[in-house]
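So the structure is just underneath, and the comments pick up after that.
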Amino acid sequence: MNATLELLNSHRSVRTYTPDPIPEEHILRAVEAGQAASTSSAVQAYCVIRVRDEGERRSLAELAGPQEKVAVAPEFFVICGDTRRHRLMTRRAGLEYSGNLEAFLLAVIDASLFAQNLCVAFESMGYGICYIGGLRNDLARVDEVLEIPEGVYPLYGLCVGVPAEEPSHRPRLPASSVLFDDRYPDDQAMLEEIDRYDEGYSAYRVARGASPGTWSGIMGSKFASPQRGDLGPYYRGKGADLS
């Protein structure tokens, strides 16, 4: 173990925060660390919207759940894939912007690499973070609140603040379930790995006071029906070509 590995392995999603503000210098440092992440061919297809208006925060909190932490966390950011600057440069050059699924994926991947660096930077300074996937519950309304232009794709939110809790570690799949030599394992081997993981995951849920349940049972139910089916139409409406 070294300091970096210890920091990465100490990650917990923090959902309650003290009211202490985050100094502007710390925010800028974290953003710059986010920008240091890998980006495909220097495309840098991401941006982050820092939401400071209390009314907008409250609206986003309702749309995301409701999730009160979105409204009260010291800082709340919206992580976006950003193709708008590329559209502007292309048009200024007298050319027609031509995006496709690859361009959309580049934006999603670049934004996620940026966001993870951003989070690790905040955690290294003692802050807690929580990603907010619930932001995608109603992106059309989020779009109205933030007046997002064409070519900018909101992906998820991010709460940041000084932790007011010490949450337990949610167990992850063993490394043997995600690291494979040469080939993906056969289905039986994968199911056996999952069954072993279920035992620990079920114990974790009981220990934290949640209803009993296995990871496989929860995931099976989660993916048995479509989720957020309006995402494709929304992103297409913002200029994404998903073909």
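The way I read the labels, and the way they are meant: chains A, B, ... in the order of the structure tokens, residue 1 as the first residue of every chain, and ligand 1 as the first ligand shown, with later ones counted on from there.
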(request) Among the residues of segment 12-211 of chain A, find those DSSP assigns to helix (DSSP H, G or I) from the backbone and print them as a VMD selection string. (result) chain A and resid 24 to 35 40 to 42 54 to 63 68 to 72 84 to 92 101 to 124 133 to 146 175 to 177 187 to 207
(request) Would you mind listing what lies within 12 Å of segment 103-108 of chain A as a VMD selection string, with only C-alpha atoms counted and same-chain residues fewer than 6 positions away left out? (result) chain A and resid 38 to 47 79 to 87 97 114 to 115 151 to 156 232 235 to 236 238 to 243
(request) Work out how far apart atom CA of Gly161 of chain A and atom CA of Met1 of chain A are and give it in Å to one decimal. (result) 26.5 Å
(request) Check the smallest atom-to-atom distance from each of A:Tyr131, A:Met89, A:Leu118, A:Val145 to Leu28 of chain A using only C-alpha atoms, then report the winner. (result) A:Leu118
(request) Between A:Glu123, A:Asp195, A:Glu62, A:Glu75, single out the one closest to Asp20 of chain A, counting only C-alpha atoms. (result) A:Glu75
(message) as a list in words, please: the residues near Val142 of chain A (cut-off 7 Å, only C-alpha atoms, same-chain neighbours under 4 positions excluded).
(response)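 Everything that qualifies: Leu60, Asp138 and Leu146 of chain A.
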(request) May I ask which of the residues A:Pro226, A:Arg170, A:Met219, A:Gly99 is the closest one to Arg205 of chain A, counting only C-alpha atoms? (result)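 Checking each candidate against Arg205 of chain A, we get A:Arg170 as the closest.
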What lies within 12 Å of Arg58 of chain A using only C-alpha atoms, ignoring chain neighbours under 5 positions off, as a JSON list (two decimals) with N, CA and C atoms, in the first residue's frame?
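File written: out_25.json
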[["chain", "number", "residue", "atom", "x", "y", "z"],
["A", 51, "VAL", "N", -23.64, 24.67, -9.47],
["A", 51, "VAL", "CA", -24.97, 25.26, -9.22],
["A", 51, "VAL", "C", -24.95, 25.93, -7.85],
["A", 52, "ARG", "N", -25.08, 27.24, -7.85],
["A", 52, "ARG", "CA", -24.97, 28.02, -6.60],
["A", 52, "ARG", "C", -26.31, 28.65, -6.20],
["A", 53, "ASP", "N", -27.20, 28.85, -7.15],
["A", 53, "ASP", "CA", -28.49, 29.46, -6.88],
["A", 53, "ASP", "C", -29.34, 28.52, -6.01],
["A", 63, "LEU", "N", -36.05, 17.06, -8.53],
["A", 63, "LEU", "CA", -36.01, 16.27, -9.76],
["A", 63, "LEU", "C", -35.16, 15.01, -9.59],
["A", 64, "ALA", "N", -34.19, 15.05, -8.71],
["A", 64, "ALA", "CA", -33.26, 13.93, -8.54],
["A", 64, "ALA", "C", -33.76, 12.87, -7.57],
["A", 65, "GLY", "N", -34.95, 13.03, -7.04],
["A", 65, "GLY", "CA", -35.37, 12.02, -6.09],
["A", 65, "GLY", "C", -36.79, 12.10, -5.56],
["A", 66, "PRO", "N", -37.01, 12.99, -4.59],
["A", 66, "PRO", "CA", -36.13, 14.08, -4.13],
["A", 66, "PRO", "C", -34.94, 13.58, -3.31],
["A", 67, "GLN", "N", -33.85, 14.35, -3.38],
["A", 67, "GLN", "CA", -32.64, 14.07, -2.59],
["A", 67, "GLN", "C", -32.22, 15.37, -1.92],
["A", 68, "GLU", "N", -32.49, 15.47, -0.63],
["A", 68, "GLU", "CA", -32.25, 16.69, 0.11],
["A", 68, "GLU", "C", -30.79, 17.12, 0.05],
["A", 69, "LYS", "N", -29.87, 16.16, -0.02],
["A", 69, "LYS", "CA", -28.45, 16.52, -0.02],
["A", 69, "LYS", "C", -28.07, 17.38, -1.21],
["A", 70, "VAL", "N", -28.79, 17.25, -2.30],
["A", 70, "VAL", "CA", -28.50, 18.09, -3.47],
["A", 70, "VAL", "C", -28.76, 19.55, -3.13],
["A", 71, "ALA", "N", -29.75, 19.80, -2.31],
["A", 71, "ALA", "CA", -30.10, 21.18, -1.95],
["A", 71, "ALA", "C", -29.19, 21.75, -0.87],
["A", 72, "VAL", "N", -28.68, 20.90, 0.04],
["A", 72, "VAL", "CA", -27.99, 21.43, 1.22],
["A", 72, "VAL", "C", -26.48, 21.19, 1.23],
["A", 73, "ALA", "N", -25.96, 20.36, 0.35],
["A", 73, "ALA", "CA", -24.51, 20.14, 0.32],
["A", 73, "ALA", "C", -23.79, 21.47, 0.07],
["A", 76, "PHE", "N", -22.61, 21.72, -5.18],
["A", 76, "PHE", "CA", -23.25, 20.76, -6.06],
["A", 76, "PHE", "C", -22.85, 21.09, -7.50],
["A", 142, "VAL", "N", -34.36, 19.34, -15.95],
["A", 142, "VAL", "CA", -33.02, 19.83, -15.59],
["A", 142, "VAL", "C", -32.54, 20.83, -16.63],
["A", 145, "VAL", "N", -34.14, 24.16, -16.03],
["A", 145, "VAL", "CA", -33.59, 24.85, -14.86],
["A", 145, "VAL", "C", -32.24, 25.50, -15.19]]
(request) Extract the full set of strand (DSSP E) residues from segment 125-185 of chain A according to DSSP on the backbone, and format it as number ranges by chain. (result) A: 128-132, 152-161
(request) Have a look at A:Trp215, A:Ile109, A:Val120, A:Arg15 and name the one nearest to Glu32 of chain A; count only C-alpha atoms. (result)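 Of the candidates, the smallest distance to Glu32 of chain A is held by A:Val120.
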(request) Would you kindly return, as number ranges by chain, each protein, DNA or RNA residue with an atom no farther than 12 Å from any atom of Leu7 of chain A, considering only C-alpha atoms and excluding same-chain residues fewer than 6 positions away? (result) A: 1, 119-128
Could the residues in this selection be saved with N, CA and C atoms as an mmCIF file, in the first residue's frame?
data_model
loop_
_atom_site.group_PDB
_atom_site.id
_atom_site.type_symbol
_atom_site.label_atom_id
_atom_site.label_comp_id
_atom_site.auth_asym_id
_atom_site.auth_seq_id
_atom_site.Cartn_x
_atom_site.Cartn_y
_atom_site.Cartn_z
ATOM 1 N N MET A 1 0.836 -1.193 0.000
ATOM 2 C CA MET A 1 0.000 0.000 0.000
ATOM 3 C C MET A 1 0.875 1.249 0.000
ATOM 4 N N CYS A 119 -13.148 13.985 -8.124
ATOM 5 C CA CYS A 119 -13.567 13.424 -6.841
ATOM 6 C C CYS A 119 -12.375 12.995 -5.985
ATOM 7 N N VAL A 120 -11.415 12.343 -6.604
ATOM 8 C CA VAL A 120 -10.231 11.916 -5.854
ATOM 9 C C VAL A 120 -9.493 13.132 -5.298
ATOM 10 N N ALA A 121 -9.445 14.203 -6.081
ATOM 11 C CA ALA A 121 -8.800 15.427 -5.605
ATOM 12 C C ALA A 121 -9.525 15.980 -4.381
ATOM 13 N N PHE A 122 -10.848 16.029 -4.434
ATOM 14 C CA PHE A 122 -11.608 16.506 -3.276
ATOM 15 C C PHE A 122 -11.367 15.602 -2.070
ATOM 16 N N GLU A 123 -11.398 14.295 -2.288
ATOM 17 C CA GLU A 123 -11.206 13.369 -1.175
ATOM 18 C C GLU A 123 -9.812 13.499 -0.581
ATOM 19 N N SER A 124 -8.829 13.803 -1.412
ATOM 20 C CA SER A 124 -7.465 13.970 -0.906
ATOM 21 C C SER A 124 -7.347 15.178 0.006
ATOM 22 N N MET A 125 -8.282 16.129 -0.140
ATOM 23 C CA MET A 125 -8.282 17.315 0.707
ATOM 24 C C MET A 125 -9.227 17.163 1.901
ATOM 25 N N GLY A 126 -9.774 15.958 2.084
ATOM 26 C CA GLY A 126 -10.599 15.684 3.253
ATOM 27 C C GLY A 126 -12.086 15.832 3.050
ATOM 28 N N TYR A 127 -12.532 16.071 1.826
ATOM 29 C CA TYR A 127 -13.960 16.227 1.566
ATOM 30 C C TYR A 127 -14.594 14.888 1.211
ATOM 31 N N GLY A 128 -15.906 14.831 1.353
ATOM 32 C CA GLY A 128 -16.662 13.661 0.936
ATOM 33 C C GLY A 128 -17.465 13.989 -0.301
#
(message) Under the rule that only C-alpha atoms are counted, which of A:Ser216, A:His11, A:Glu96, A:Leu158 is the nearest residue to Leu135 of chain A?
(response)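 Counting only C-alpha atoms, the residue closest to Leu135 of chain A is A:Leu158.
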(request) Would you please work out which residue, of A:Leu173, A:Ala3, A:Arg228, A:Gly34, is nearest to Asn137 of chain A when using only C-alpha atoms? (result)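 Counting only C-alpha atoms, the residue closest to Asn137 of chain A is A:Arg228.
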(message) Give me the residues near Ser176 of chain A as a PyMOL selection string, where near means some atom within 12 Å (using only C-alpha atoms) and where sequence neighbours in that chain fewer than 2 positions away do not count.
(response) chain A and resi 172-174+178-181+184-185+189-190+192-194+196-197
Within 6 Å of Tyr17 of chain A, counting only C-alpha atoms, which residues qualify if same-chain residues fewer than 2 places away don't, as a PDB file with N, CA and C atoms, in the first residue's frame?
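Wrote it out as out03.pdb, contents follow:
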ATOM      1  N   GLY A 161     -18.663  18.056   0.153  1.00  0.00           N
ATOM      2  CA  GLY A 161     -18.632  18.804   1.403  1.00  0.00           C
ATOM      3  C   GLY A 161     -17.798  18.088   2.449  1.00  0.00           C
ATOM      4  N   VAL A 162     -17.651  18.719   3.594  1.00  0.00           N
ATOM      5  CA  VAL A 162     -16.964  18.092   4.724  1.00  0.00           C
ATOM      6  C   VAL A 162     -17.889  17.022   5.298  1.00  0.00           C
ATOM      7  N   PRO A 163     -17.441  15.776   5.406  1.00  0.00           N
ATOM      8  CA  PRO A 163     -18.321  14.695   5.880  1.00  0.00           C
ATOM      9  C   PRO A 163     -18.850  14.937   7.290  1.00  0.00           C
ATOM     10  N   ALA A 164     -20.131  14.633   7.468  1.00  0.00           N
ATOM     11  CA  ALA A 164     -20.747  14.662   8.792  1.00  0.00           C
ATOM     12  C   ALA A 164     -21.153  13.246   9.189  1.00  0.00           C
TER      13      ALA A 164
END
